[in-house]
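Novice: Below is start02.cif; it holds mmCIF, C-alpha atoms.
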data_coords
#
loop_
_atom_site.label_atom_id
_atom_site.label_comp_id
_atom_site.auth_asym_id
_atom_site.auth_seq_id
_atom_site.Cartn_x
_atom_site.Cartn_y
_atom_site.Cartn_z
CA MET A 1 -16.97 21.19 11.98
CA VAL A 2 -19.94 20.24 9.82
CA GLU A 3 -18.86 16.57 9.90
CA ARG A 4 -18.75 16.64 13.72
CA LEU A 5 -22.29 18.04 13.99
CA LYS A 6 -23.72 15.55 11.50
CA LEU A 7 -25.74 12.82 13.24
CA ARG A 8 -25.05 9.21 12.38
CA GLY A 9 -27.67 6.47 12.22
CA GLN A 10 -26.66 5.04 15.60
CA ASP A 11 -26.86 8.53 17.12
CA LEU A 12 -30.44 8.89 15.93
CA LEU A 13 -31.27 5.44 17.32
CA LEU A 14 -29.75 6.34 20.69
CA ALA A 15 -31.69 9.63 20.71
CA VAL A 16 -34.93 7.73 20.05
CA VAL A 17 -34.25 5.18 22.82
CA LEU A 18 -33.35 7.85 25.38
CA GLY A 19 -36.33 9.92 24.25
CA VAL A 20 -38.68 7.02 24.92
CA LEU A 21 -36.97 6.53 28.29
CA ILE A 22 -37.62 10.20 29.11
CA PHE A 23 -41.26 9.77 28.09
CA LEU A 24 -41.63 6.75 30.38
CA ALA A 25 -40.10 8.52 33.39
CA HIS A 26 -42.47 9.13 36.32
CA ASP A 27 -41.81 12.78 37.03
CA LEU A 28 -40.01 15.90 35.83
CA SER A 29 -36.91 15.33 37.97
CA GLU A 30 -36.30 11.91 36.40
CA GLN A 31 -36.91 13.30 32.92
CA SER A 32 -34.48 16.19 33.49
CA LEU A 33 -31.69 13.90 34.69
CA ILE A 34 -32.15 11.44 31.81
CA LEU A 35 -32.19 14.36 29.35
CA ALA A 36 -28.89 15.64 30.77
CA VAL A 37 -27.30 12.21 30.25
CA ALA A 38 -28.70 12.06 26.70
CA VAL A 39 -27.27 15.50 25.86
CA LEU A 40 -23.78 14.54 27.11
CA GLN A 41 -23.90 11.25 25.21
CA LEU A 42 -24.94 12.86 21.92
CA ALA A 43 -22.43 15.71 22.33
CA GLU A 44 -19.57 13.23 22.80
CA GLY A 45 -16.89 13.80 20.15
CA ARG A 46 -18.68 16.74 18.56
CA LEU A 47 -17.82 19.75 20.68
CA PRO A 48 -14.08 20.59 20.44
CA PHE A 49 -13.57 20.23 24.20
CA LEU A 50 -15.25 16.82 24.26
CA THR A 51 -12.88 15.47 21.59
CA THR A 52 -9.93 15.69 24.00
CA ARG A 53 -9.09 13.11 26.64
CA TRP A 54 -9.71 15.61 29.44
CA GLY A 55 -13.03 16.66 27.91
CA ARG A 56 -14.22 13.09 27.64
CA THR A 57 -13.15 12.40 31.22
CA VAL A 58 -15.14 15.39 32.47
CA SER A 59 -18.17 14.23 30.47
CA ILE A 60 -17.97 10.72 31.95
CA VAL A 61 -17.64 12.05 35.51
CA LEU A 62 -20.65 14.31 34.96
CA GLN A 63 -22.69 11.40 33.58
CA LEU A 64 -21.75 9.24 36.59
CA ALA A 65 -22.82 12.05 38.93
CA ILE A 66 -26.13 12.59 37.12
CA ILE A 67 -26.94 8.88 37.01
CA TRP A 68 -26.00 8.58 40.69
CA LEU A 69 -28.57 11.29 41.46
CA LEU A 70 -31.14 9.53 39.27
CA ILE A 71 -30.61 6.22 41.06
CA GLY A 72 -30.72 8.04 44.37
CA ILE A 73 -34.19 9.49 43.77
CA THR A 74 -35.53 6.19 42.43
CA ASN A 75 -35.05 3.75 45.34
CA GLY A 76 -31.23 3.57 45.39
CA VAL A 77 -29.85 0.05 44.84
CA GLU A 78 -33.34 -1.13 43.90
CA SER A 79 -33.60 1.46 41.09
CA HIS A 80 -34.24 0.14 37.59
CA TYR A 81 -32.04 2.92 36.20
CA TYR A 82 -28.79 1.25 37.38
CA LEU A 83 -28.25 -0.02 33.83
CA LEU A 84 -27.73 3.60 32.69
CA LEU A 85 -24.30 3.28 34.33
CA LEU A 86 -23.35 1.28 31.24
CA LEU A 87 -23.36 4.48 29.15
CA PRO A 88 -20.41 6.27 30.83
CA LEU A 89 -18.61 2.96 31.47
CA ILE A 90 -18.77 1.91 27.82
CA THR A 91 -17.88 5.42 26.64
CA SER A 92 -14.81 5.40 28.87
CA ALA A 93 -13.82 1.92 27.77
CA SER A 94 -13.94 2.95 24.12
CA PHE A 95 -10.99 5.38 24.44
CA SER A 96 -9.27 4.46 27.73
CA GLY A 97 -6.74 1.74 28.32
CA VAL A 98 -7.07 -1.08 30.82
CA LEU A 99 -6.22 1.08 33.82
CA GLY A 100 -8.61 3.85 32.78
CA THR A 101 -11.42 1.36 32.23
CA LEU A 102 -10.72 -0.29 35.59
CA ALA A 103 -10.76 3.09 37.38
CA ILE A 104 -14.08 4.18 35.83
CA SER A 105 -15.60 0.72 36.48
CA ILE A 106 -14.64 0.91 40.14
CA ALA A 107 -16.04 4.45 40.31
CA GLY A 108 -19.33 3.39 38.68
CA VAL A 109 -19.77 0.27 40.80
CA GLY A 110 -18.76 2.22 43.90
CA ALA A 111 -21.32 4.92 43.12
CA TYR A 112 -24.02 2.28 42.78
CA LEU A 113 -23.06 0.45 45.99
CA SER A 114 -22.78 3.73 47.90
CA PHE A 115 -26.55 3.65 48.38
CA LEU A 116 -26.10 0.74 50.77
CA LEU A 117 -24.77 3.32 53.21
CA TYR A 118 -28.22 4.88 53.41
CA VAL A 119 -30.04 1.63 54.22
CA ASN A 120 -31.46 1.39 57.76
CA TYR A 121 -30.42 -2.13 58.62
CA ASN A 122 -32.48 -2.02 61.83
CA GLU A 123 -35.67 -1.78 59.81
CA MET A 124 -34.60 -3.65 56.68
CA GLU A 125 -32.69 -6.87 56.31
CA VAL A 126 -30.60 -7.45 53.17
CA SER A 127 -31.03 -11.09 52.31
CA ALA A 128 -28.42 -13.37 50.82
CA GLU A 129 -30.37 -13.39 47.55
CA ALA A 130 -30.34 -9.56 47.44
CA ARG A 131 -26.57 -9.54 47.96
CA HIS A 132 -26.27 -12.17 45.24
CA ILE A 133 -28.25 -9.99 42.81
CA LEU A 134 -26.15 -6.91 43.69
CA ALA A 135 -22.94 -8.84 43.02
CA ILE A 136 -24.25 -10.02 39.65
CA ARG A 137 -25.25 -6.47 38.69
CA CYS A 138 -21.82 -5.06 39.61
CA LEU A 139 -19.97 -7.83 37.79
CA MET A 140 -22.15 -7.35 34.67
CA LEU A 141 -21.33 -3.64 34.62
CA SER A 142 -17.60 -4.36 34.92
CA ALA A 143 -17.69 -7.19 32.37
CA ALA A 144 -19.42 -4.94 29.81
CA ALA A 145 -16.81 -2.19 30.29
CA ILE A 146 -13.87 -4.61 30.06
CA THR A 147 -15.30 -6.26 26.93
CA VAL A 148 -15.75 -2.93 25.18
CA SER A 149 -12.23 -1.87 26.24
CA SER A 150 -10.77 -5.04 24.71
CA LEU A 151 -12.65 -4.55 21.46
CA ALA A 152 -11.67 -0.85 21.32
CA SER A 153 -8.02 -1.74 21.92
CA LEU A 154 -8.14 -4.25 19.08
CA ILE A 155 -9.78 -1.69 16.78
CA ARG A 156 -7.14 0.94 17.67
CA LYS A 157 -4.38 -1.57 16.99
CA GLN A 158 -5.85 -2.49 13.61
CA ALA A 159 -6.35 1.20 12.77
CA ALA A 160 -2.69 1.87 13.58
CA GLN A 161 -1.66 -1.04 11.34
CA TYR A 162 -3.87 0.25 8.50
CA LYS A 163 -2.45 3.76 8.94
CA SER A 164 1.09 2.42 8.88
CA ALA A 165 0.31 0.37 5.77
CA ALA A 166 -1.27 3.41 4.10
CA GLU A 167 1.81 5.52 4.88
CA GLN A 168 4.09 2.81 3.50
CA LEU A 169 1.96 2.57 0.36
CA ALA A 170 2.05 6.36 -0.03
CA THR A 171 5.84 6.35 0.33
CA ALA A 172 6.17 3.47 -2.11
CA ASN A 173 3.84 5.19 -4.56
CA LYS A 174 5.85 8.41 -4.32
CA SER A 175 9.10 6.49 -4.89
CA LEU A 176 7.52 4.68 -7.83
CA MET A 177 6.39 7.95 -9.39
CA GLU A 178 9.87 9.43 -8.92
CA ALA A 179 11.42 6.32 -10.46
CA GLU A 180 9.03 6.49 -13.42
CA ALA A 181 9.87 10.17 -13.89
CA ALA A 182 13.58 9.33 -13.76
CA VAL A 183 13.12 6.53 -16.32
CA ARG A 184 11.18 8.80 -18.65
CA ARG A 185 13.82 11.46 -18.29
CA SER A 186 16.59 8.93 -18.97
CA GLU A 187 14.76 7.73 -22.07
CA ARG A 188 14.39 11.31 -23.29
CA LEU A 189 18.02 12.04 -22.59
CA ALA A 190 19.14 8.88 -24.39
CA ALA A 191 17.04 9.71 -27.45
CA LEU A 192 18.20 13.31 -27.46
CA GLY A 193 21.79 12.19 -27.00
CA GLN A 194 21.59 9.98 -30.08
CA LEU A 195 19.93 12.79 -32.00
CA SER A 196 22.60 15.26 -30.87
CA ALA A 197 25.45 12.96 -31.86
CA GLY A 198 23.98 12.34 -35.30
CA LEU A 199 23.18 16.01 -35.84
CA ALA A 200 26.65 17.10 -34.77
CA HIS A 201 28.29 14.60 -37.10
CA GLU A 202 26.18 15.72 -40.06
CA LEU A 203 26.76 19.43 -39.39
CA ARG A 204 30.48 19.48 -38.75
CA ASN A 205 31.59 18.42 -42.22
CA PRO A 206 29.70 21.14 -44.14
CA LEU A 207 30.59 23.67 -41.44
CA GLY A 208 34.27 22.94 -41.97
CA SER A 209 33.92 23.46 -45.70
CA ILE A 210 31.93 26.70 -45.24
CA LYS A 211 34.42 28.11 -42.75
CA GLY A 212 37.41 27.24 -44.92
CA SER A 213 35.80 28.81 -47.96
CA ALA A 214 34.84 31.93 -46.00
CA GLU A 215 38.39 32.37 -44.69
CA LEU A 216 39.87 31.97 -48.18
CA LEU A 217 37.35 34.47 -49.51
CA GLU A 218 38.16 36.94 -46.75
CA ARG A 219 41.93 36.65 -47.32
CA ALA A 220 41.50 37.01 -51.08
CA LEU A 221 39.38 40.11 -50.62
CA SER A 222 41.85 41.63 -48.19
CA ARG A 223 44.60 41.39 -50.86
CA SER A 224 42.40 43.01 -53.46
CA ASP A 225 40.20 46.03 -53.64
CA GLY A 226 36.94 44.09 -53.11
CA ASP A 227 33.97 46.04 -51.93
CA ALA A 228 33.30 46.45 -48.19
CA MET A 229 29.94 44.66 -48.37
CA THR A 230 31.55 41.45 -49.64
CA LYS A 231 34.20 41.61 -46.91
CA GLU A 232 31.50 42.10 -44.25
CA LEU A 233 29.50 39.15 -45.55
CA ALA A 234 32.59 36.93 -45.51
CA HIS A 235 33.25 37.99 -41.92
CA ILE A 236 29.63 37.24 -40.91
CA ILE A 237 29.84 33.78 -42.51
CA SER A 238 33.04 33.00 -40.58
CA ALA A 239 31.61 34.29 -37.26
CA ASP A 240 28.34 32.38 -37.60
CA VAL A 241 30.22 29.21 -38.48
CA ASP A 242 32.25 29.61 -35.28
CA ARG A 243 29.03 30.10 -33.29
CA THR A 244 27.39 27.05 -34.89
CA ASN A 245 30.53 24.98 -34.34
CA SER A 246 30.46 25.95 -30.65
CA LEU A 247 26.85 24.81 -30.50
CA VAL A 248 27.77 21.50 -32.13
CA THR A 249 30.54 21.05 -29.55
CA ARG A 250 27.99 21.51 -26.77
CA PHE A 251 25.73 18.94 -28.44
CA LEU A 252 28.64 16.51 -28.44
CA ASN A 253 29.43 17.21 -24.79
CA PHE A 254 25.82 16.40 -23.98
CA ALA A 255 25.72 13.25 -26.11
CA ARG A 256 29.14 11.89 -25.12
CA PRO A 257 29.05 9.07 -22.51
CA LEU A 258 30.14 10.43 -19.14
CA GLU A 259 32.92 8.65 -17.25
CA PRO A 260 34.18 10.82 -14.36
CA ARG A 261 37.86 10.53 -13.53
CA ARG A 262 37.54 10.60 -9.80
CA GLU A 263 40.11 11.74 -7.28
CA MET A 264 39.89 12.91 -3.68
CA THR A 265 39.32 16.64 -4.01
CA ASP A 266 38.54 19.62 -1.83
CA ILE A 267 35.19 20.84 -3.19
CA ARG A 268 35.98 24.40 -2.07
CA LYS A 269 38.98 24.59 -4.42
CA VAL A 270 36.85 23.37 -7.33
CA ILE A 271 34.25 26.06 -6.58
CA ASP A 272 36.92 28.76 -6.27
CA ASP A 273 38.43 27.79 -9.64
CA ALA A 274 34.98 28.02 -11.25
CA VAL A 275 34.38 31.44 -9.67
CA THR A 276 37.75 32.67 -10.93
CA HIS A 277 36.95 31.63 -14.50
CA ALA A 278 33.43 33.08 -14.26
CA LYS A 279 34.82 36.43 -13.02
CA VAL A 280 31.82 36.86 -10.74
CA GLU A 281 31.62 38.43 -7.30
CA VAL A 282 30.46 35.83 -4.78
CA VAL A 283 29.82 35.55 -1.07
CA ARG A 284 31.40 32.37 0.27
CA GLN A 285 29.74 30.51 3.12
CA TYR A 286 31.87 27.38 3.29
CA SER A 287 31.60 24.69 5.94
CA ASN A 288 34.98 23.69 7.38
CA SER A 289 33.67 20.26 8.40
CA LEU A 290 33.03 19.10 4.83
CA PRO A 291 35.48 16.29 3.95
CA ARG A 292 37.28 15.78 0.66
CA LEU A 293 35.10 14.17 -2.00
CA SER A 294 35.73 11.58 -4.69
CA LEU A 295 34.91 13.43 -7.91
CA ASP A 296 36.20 14.64 -11.27
CA PRO A 297 37.53 18.18 -10.63
CA GLN A 298 37.27 19.31 -14.25
CA LEU A 299 33.70 18.13 -14.73
CA MET A 300 32.55 19.55 -11.39
CA GLU A 301 34.26 22.85 -12.17
CA GLN A 302 32.14 22.96 -15.33
CA VAL A 303 29.04 22.42 -13.15
CA PHE A 304 29.80 25.29 -10.79
CA LEU A 305 31.00 27.55 -13.60
CA ASN A 306 27.65 27.11 -15.33
CA LEU A 307 25.61 27.63 -12.14
CA VAL A 308 27.57 30.70 -11.00
CA THR A 309 27.41 32.25 -14.46
CA ASN A 310 23.66 31.67 -14.68
CA ALA A 311 23.17 33.15 -11.21
CA ALA A 312 25.19 36.25 -12.11
CA GLN A 313 23.26 36.73 -15.36
CA ALA A 314 19.93 36.43 -13.51
CA SER A 315 20.96 38.97 -10.84
CA LYS A 316 20.95 42.74 -11.03
CA PRO A 317 24.32 44.47 -11.59
CA GLY A 318 26.30 44.64 -8.37
CA GLU A 319 24.33 41.96 -6.56
CA PRO A 320 26.66 39.18 -5.39
CA VAL A 321 25.98 35.49 -5.73
CA THR A 322 26.07 33.41 -2.54
CA ILE A 323 27.71 29.98 -2.48
CA ARG A 324 27.06 27.84 0.58
CA THR A 325 28.44 24.40 1.43
CA ARG A 326 27.39 22.05 4.22
CA GLU A 327 27.07 18.37 5.12
CA MET A 328 23.50 17.09 5.23
CA ASN A 329 22.27 13.51 5.71
CA GLY A 330 25.54 11.97 4.56
CA GLN A 331 25.76 14.22 1.51
CA ALA A 332 27.74 17.28 0.55
CA GLU A 333 25.38 20.09 -0.40
CA VAL A 334 26.56 23.06 -2.47
CA SER A 335 23.97 25.83 -2.89
CA VAL A 336 24.30 28.61 -5.47
CA ILE A 337 21.92 31.39 -4.43
CA ASP A 338 20.93 34.52 -6.31
CA GLN A 339 18.38 37.28 -5.77
CA GLY A 340 17.53 37.63 -9.45
CA CYS A 341 14.46 37.29 -11.61
CA GLY A 342 13.68 33.69 -10.63
CA ILE A 343 12.30 30.90 -12.80
CA PRO A 344 8.69 30.80 -14.09
CA LYS A 345 6.55 28.17 -12.35
CA ASP A 346 5.73 26.45 -15.65
CA LYS A 347 9.45 25.71 -16.22
CA ILE A 348 10.64 24.85 -12.72
CA GLU A 349 9.91 21.12 -13.19
CA THR A 350 11.64 20.89 -16.58
CA ILE A 351 14.55 23.26 -16.09
CA PHE A 352 17.11 20.42 -16.26
CA ASN A 353 15.66 18.96 -19.47
CA PRO A 354 17.51 19.65 -22.71
CA PHE A 355 16.39 22.65 -24.78
CA VAL A 356 14.52 24.21 -21.85
CA THR A 357 15.77 27.73 -21.13
CA THR A 358 14.59 31.03 -19.68
CA LYS A 359 17.15 33.05 -21.62
CA GLN A 360 16.14 34.81 -24.82
CA ASN A 361 19.22 33.61 -26.71
CA GLY A 362 19.84 30.45 -24.72
CA VAL A 363 19.96 26.95 -26.18
CA GLY A 364 18.92 25.03 -23.07
CA LEU A 365 21.81 22.61 -22.83
CA GLY A 366 23.77 24.16 -19.95
CA LEU A 367 21.67 22.87 -17.06
CA ALA A 368 21.04 19.57 -18.87
CA ILE A 369 24.82 19.02 -19.01
CA VAL A 370 25.10 20.08 -15.36
CA ALA A 371 22.44 17.53 -14.34
CA LYS A 372 24.15 14.84 -16.39
CA ILE A 373 27.51 15.45 -14.73
CA VAL A 374 25.99 15.43 -11.25
CA ASP A 375 24.03 12.25 -12.05
CA GLY A 376 27.27 10.68 -13.25
CA HIS A 377 28.76 11.34 -9.82
CA GLY A 378 25.81 9.65 -8.10
CA GLY A 379 24.40 12.98 -6.97
CA LYS A 380 21.21 14.94 -7.43
CA MET A 381 20.19 18.42 -8.53
CA ALA A 382 17.43 20.45 -6.91
CA VAL A 383 16.13 23.95 -7.47
CA GLU A 384 13.97 26.33 -5.47
CA SER A 385 12.80 29.51 -7.13
CA GLU A 386 10.21 32.23 -6.83
CA PRO A 387 9.68 34.65 -9.71
CA GLY A 388 11.08 38.05 -8.81
CA ARG A 389 12.82 36.84 -5.65
CA GLY A 390 15.67 34.69 -6.92
CA SER A 391 16.67 31.05 -7.18
CA THR A 392 18.67 28.48 -5.23
CA PHE A 393 20.34 25.62 -7.12
CA ARG A 394 21.48 22.76 -4.88
CA VAL A 395 24.10 20.20 -5.85
CA LEU A 396 23.95 17.09 -3.64
CA LEU A 397 26.96 14.78 -3.83
CA PRO A 398 27.53 11.57 -1.85
CA ILE A 399 30.37 11.86 0.63
CA SER A 400 31.21 8.15 0.56
CA ALA A 401 31.30 7.74 -3.26
CA ASN A 402 33.82 5.33 -4.69
#
For the structure just supplied, provide its representation as structure tokens.
Specialist:
Amino acid sequence: MVERLKLRGQDLLLAVVLGVLIFLAHDLSEQSLILAVAVLQLAEGRLPFLTTRWGRTVSIVLQLAIIWLLIGITNGVESHYYLLLLLPLITSASFSGVLGTLAISIAGVGAYLSFLLYVNYNEMEVSAEARHILAIRCLMLSAAAITVSSLASLIRKQAAQYKSAAEQLATANKSLMEAEAAVRRSERLAALGQLSAGLAHELRNPLGSIKGSAELLERALSRSDGDAMTKELAHIISADVDRTNSLVTRFLNFARPLEPRREMTDIRKVIDDAVTHAKVEVVRQYSNSLPRLSLDPQLMEQVFLNLVTNAAQASKPGEPVTIRTREMNGQAEVSVIDQGCGIPKDKIETIFNPFVTTKQNGVGLGLAIVAKIVDGHGGKMAVESEPGRGSTFRVLLPISAN
């Protein structure tokens, strides 16, 4: 609103010119009519109504009527104020097309020539030179309007081209940023994969020795009368080794190159198998129109098992998890929806990165493995979440994958 009310340099110049014209007028009636035209001209494009096509049309018609009155009280066709007709004609030409400009030009010229109807031809003879001058005046008014219309049309066309180019650049910039983010993520995943593989290799050998020694110690103590504390410590060593070995296995699953063994599969059966293994109550909202997909059933079952388990753990006891499938833009979309605690805003962008977790005892590899499997199938992962109101994880898989 402030920008609309702000006067530009050309507005100030027009106000000065029209102000001088008002000062030079002969009487109050002339000054009032010129002032009314000046107000409409300066209000053009500033008041909300005058920014619309209808508003501008009303303004132009009013200006034509006011100028017609001004010419009428200042000698009709002989009035020096006929050039003020250029103001509404040029204004109309700046936003109207060819037909609109032609209509307003005819209206303006017709208004000017209408004063010939009031001439008493018995007392006054219109010479050939006078008719010649009238024709020139009318043609000059029309030529000015048509010229401005042509220039305005060219400007609008160039503006549309610039807008289209800006939109294309914005789209390209967004795609470039997404590609850069994907490259950075791939680089991080590659580095972490190498680290995971090396770490797993270095840990497994001593873990095997520790576990074997702990089991021998536990069996030896069970055959003797060793104290309970020693037996408990041996049991703790064995249990922690199993836990660490499980973690190493997950590192290896993350680091191992992914090569899906594809086959045409009903995605609903894969989801149902994952739900059965997760032992979670779910609400199924399956689309019957979804075709069979080319995917690795075992890997995708791991994806949905992880997502359903996470959703159940985030939800309150007794709250079911909703699974919805549908076809969207040539892709199969599987949504796992919960009404749980949600994901903090500072982690929503990195939730699929390794070692990022919202669980107190979590490692942060589950969703990273899920994203890797989905990427390996040519799909995408997306998440929508609001703290305290739940989360929706979307798995997007191409329907026409090879």
Novice: Pull out every residue that the PyMOL selection byres ((chain A and resi 109-118) around 8) matches in the shown coordinates and put them as a ChimeraX atom specification.
Specialist: /A:64,68,71-72,76-77,82,105-108,119-120,138,141-142
Novice: So that I can see what lies close to Thr276 (chain A), please list as a list in words the residues with an atom at most 12 Å from it, counting all atoms listed in the file and leaving out residues fewer than 6 positions away in the same chain.
Specialist: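 Residues meeting the cut-off are Lys269, Val270, Val282, Glu301, Phe304, Leu305, Val308 and Thr309 of chain A.
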Novice: Any chance you could export the current selection's C-alpha atoms as a PDB file, keeping the file's coordinate frame?
Specialist:
ATOM      1  CA  LYS A 269      38.980  24.590  -4.420  1.00  0.00           C
ATOM      2  CA  VAL A 270      36.850  23.370  -7.330  1.00  0.00           C
ATOM      3  CA  VAL A 282      30.460  35.830  -4.780  1.00  0.00           C
ATOM      4  CA  GLU A 301      34.260  22.850 -12.170  1.00  0.00           C
ATOM      5  CA  PHE A 304      29.800  25.290 -10.790  1.00  0.00           C
ATOM      6  CA  LEU A 305      31.000  27.550 -13.600  1.00  0.00           C
ATOM      7  CA  VAL A 308      27.570  30.700 -11.000  1.00  0.00           C
ATOM      8  CA  THR A 309      27.410  32.250 -14.460  1.00  0.00           C
TER       9      THR A 309
END
Novice: How far is it from CA of Ser238 (chain A) to CA of Lys211 (chain A), in Å with one decimal?
Specialist: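 Interatomic distance, CA of Ser238 (chain A) to CA of Lys211 (chain A): 5.5 Å.
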Novice: Taking all atoms listed in the file into account, name the residue in A:Leu396, A:Leu18, A:Val183, A:Ala312 that is nearest to Gln41 (chain A).
Specialist: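 Answer, going by the shortest atom-to-atom distance: A:Leu18.
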Novice: Evaluate the PyMOL selection byres ((chain A and resi 264) around 8) against this structure - the residues, as a list in words, please.
Specialist: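 After applying the PyMOL selection byres ((chain A and resi 264) around 8), what remains is Arg262, Glu263, Thr265, Asp266, Arg292, Leu293, Ser294 and Leu295 of chain A.
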Novice: Using only C-alpha atoms, can you list as a ChimeraX atom specification the residues within 12 Å of (-30.0, 9.2, 19.0)?
Specialist: /A:6-21,35,37-44
Novice: May I ask for the distance between CA of Lys279 (chain A) and CA of Gln298 (chain A), given in Å to one decimal place?
Specialist: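 Spanning CA of Lys279 (chain A) to CA of Gln298 (chain A) is a straight-line distance of 17.3 Å.
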